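The structure under discussion appears below in the form of structure tokens.
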Amino acid sequence: MTALRRWIPLFLVGSALLAQAPPPPPPPPAPPEPPAPVIGVDVPSSSRTEQRMEKLAMGSKLWVKNRNGGIRVTGWDKDEVALTAQIRDSAKRKVELVLQRKGSDLDIEAVFQQPSWSFGVYISPRCEMTLMVPRKLQGHFRTTNGTVAVENLDGYARCEATNGSILVTHLRGEVHVDTTNGPIEARSLAARLKGSTTNGRIILEDVDGGVRLETTNGSIRARNLDGWGEGIHLESTNGSIEVELGKATGDLHAENSNGSLEVKVSGAQVIEQTKHSAHLKVPGRSQTIRLETTNGSIRVK
């Protein structure tokens, strides 16, 4: 009994010390779950530059087609085409340059691989084409979501764009321009010019040939025209028209539905003029100069 009394204090002290001891550390956290596989994501490759050289005689036909990017064409005094393409694509949507001979003529196209039918994020490929071509040429240039710019050609040029502008400079011969959702700008042409745009303005400077252009929801600004005796016809819907005739002469007809009309041409004979129409005779060529708009003003001098 005496021995038991002697051990009781020691037992109580040990119990107190055990109660004050820190709890054991928690177990380590479980390793993170591996990431879920990424499905349908197209990783872009780095941009690259491709170049091609092809013989093409002066006066030949050239077709250039792009789909998501611009086309820039400059004429030079060589019987060959030099193509430089800046391409951004991906493993799932490649861009390939295809050049095909058509007899003595040449067809160039940027072919875009179509995406497969699956869910995910895909990189939109793009191709910017720059070409040096024979100066004397019959050219047809067409793109979507990009600009068509052509300069220093002699012959025939047809330029088409969707969601892009058309710029033509220093051309001789005949030019056709058509675009949607983009402007048309023509400067320093010794060429007849025809075409249209929707939702875009028209700017003309130093255009010598006959002109027939129209726009919807866009203004027209023209200066230093001639007409070559073939006539000038500028028409807009929901846009104003401002013209400085330059060397252009003939029978001038201007008409609008809503908006002011002001015609001040030095030396012209006024045949008839009302609030929204005017007919003047500008001595010189025998051609018709017709300016028409709806919901826009007209200024002529």
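Letters A, B, ... mark the chains of the structure tokens in the order given; residue numbers begin at 1 per chain; ligand numbers begin at 1, in order shown.
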Might you pull out every residue within 8 Å of stretch 258-261 of chain A, with only C-alpha atoms counted and same-chain residues fewer than 4 positions away left off, and present them as a short mmCIF file (atom, residue, chain, number, x, y, z; two decimals) with C-alpha atoms, in the first residue's frame?
```
data_model
loop_
_atom_site.label_atom_id
_atom_site.label_comp_id
_atom_site.auth_asym_id
_atom_site.auth_seq_id
_atom_site.Cartn_x
_atom_site.Cartn_y
_atom_site.Cartn_z
CA LYS A 275 -34.01 72.92 -105.74
CA HIS A 276 -33.02 69.30 -106.29
CA SER A 277 -31.85 69.13 -109.91
CA THR A 294 -30.62 60.02 -102.38
CA ASN A 295 -30.44 61.56 -98.91
CA GLY A 296 -27.27 63.54 -99.55
CA SER A 297 -25.99 66.88 -100.77
CA ILE A 298 -24.30 67.55 -104.13
CA ARG A 299 -21.48 70.05 -104.70
#
```
*asked:* So that I can check the secondary structure, give me every residue of stretch 36-141 of chain A assigned strand (DSSP E) by backbone DSSP, as a ChimeraX atom specification.
replied: /A:48-55,61-65,71-76,80-88,95-102,105-112,126-134,136-141
*Quick one: distance from atom CA of A:Leu62 to atom CA of A:Leu137 in Å, one decimal?*
7.4 Å
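Between A:Val98 and the residues A:Asn66, A:Thr249, A:Thr288, A:Thr144, the shortest atom-to-atom distance, using only C-alpha atoms, involves A:Asn66.
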_So that I can see what lies close to A:Leu245, please list as a PyMOL selection string the residues with an atom at most 7 Å from it, counting only C-alpha atoms and leaving out residues fewer than 2 positions away in the same chain._
chain A and resi 223-225+243+247-248+301
Saved selection, atoms kept: C-alpha atoms, as a short mmCIF file (atom, residue, chain, number, x, y, z; two decimals), in the first residue's frame:
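result_37.cif was written with the following content:
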```
data_model
loop_
_atom_site.label_atom_id
_atom_site.label_comp_id
_atom_site.auth_asym_id
_atom_site.auth_seq_id
_atom_site.Cartn_x
_atom_site.Cartn_y
_atom_site.Cartn_z
CA ARG A 223 -11.44 65.68 -108.45
CA ASN A 224 -9.65 66.18 -111.76
CA LEU A 225 -11.71 63.98 -114.08
CA VAL A 243 -16.91 66.81 -107.56
CA LYS A 247 -10.86 68.73 -117.60
CA ALA A 248 -14.25 66.98 -117.76
CA LYS A 301 -17.32 73.03 -109.31
#
```
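Checking A:Ser219, A:Leu131, A:Glu185, A:Ala82 one by one against A:Leu204, counting only C-alpha atoms, you find the shortest gap at A:Glu185.
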*Tell me which of A:Ser286, A:Thr49, A:Ser165, A:Gln138 sits closest to A:Lys61, counting only C-alpha atoms.*
A:Gln138
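As for atom CA of A:Leu97 and atom CA of A:Trp63, they are spaced 13.1 Å apart.
Proximity to A:Glu230 at 10 Å, evaluated using only C-alpha atoms and with sequence-adjacent residues fewer than 3 positions away removed, yields A:Arg192, A:Gly209, A:Gly210, A:Val211, A:Arg212, A:Asp226, A:Gly227, A:His233, A:Arg285, A:Ser286, A:Gln287, A:Thr288, A:Ile289.
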Take the residues from that selection and put them in a file with C-alpha atoms, as a PDB file, in the first residue's frame.
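Written output follows (result_3.pdb):
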```
ATOM      1  CA  ARG A 192     -11.855  53.714-117.888  1.00  0.00           C
ATOM      2  CA  GLY A 209     -11.087  57.702-118.516  1.00  0.00           C
ATOM      3  CA  GLY A 210     -14.818  57.191-118.569  1.00  0.00           C
ATOM      4  CA  VAL A 211     -16.245  56.520-115.106  1.00  0.00           C
ATOM      5  CA  ARG A 212     -19.283  54.587-113.940  1.00  0.00           C
ATOM      6  CA  ASP A 226     -11.836  63.811-117.882  1.00  0.00           C
ATOM      7  CA  GLY A 227     -14.192  61.167-119.219  1.00  0.00           C
ATOM      8  CA  HIS A 233     -21.734  58.559-113.927  1.00  0.00           C
ATOM      9  CA  ARG A 285     -16.679  67.260-125.225  1.00  0.00           C
ATOM     10  CA  SER A 286     -19.943  65.658-126.235  1.00  0.00           C
ATOM     11  CA  GLN A 287     -20.489  63.389-123.250  1.00  0.00           C
ATOM     12  CA  THR A 288     -22.885  63.067-120.306  1.00  0.00           C
ATOM     13  CA  ILE A 289     -21.795  63.775-116.741  1.00  0.00           C
TER      14      ILE A 289
END
```
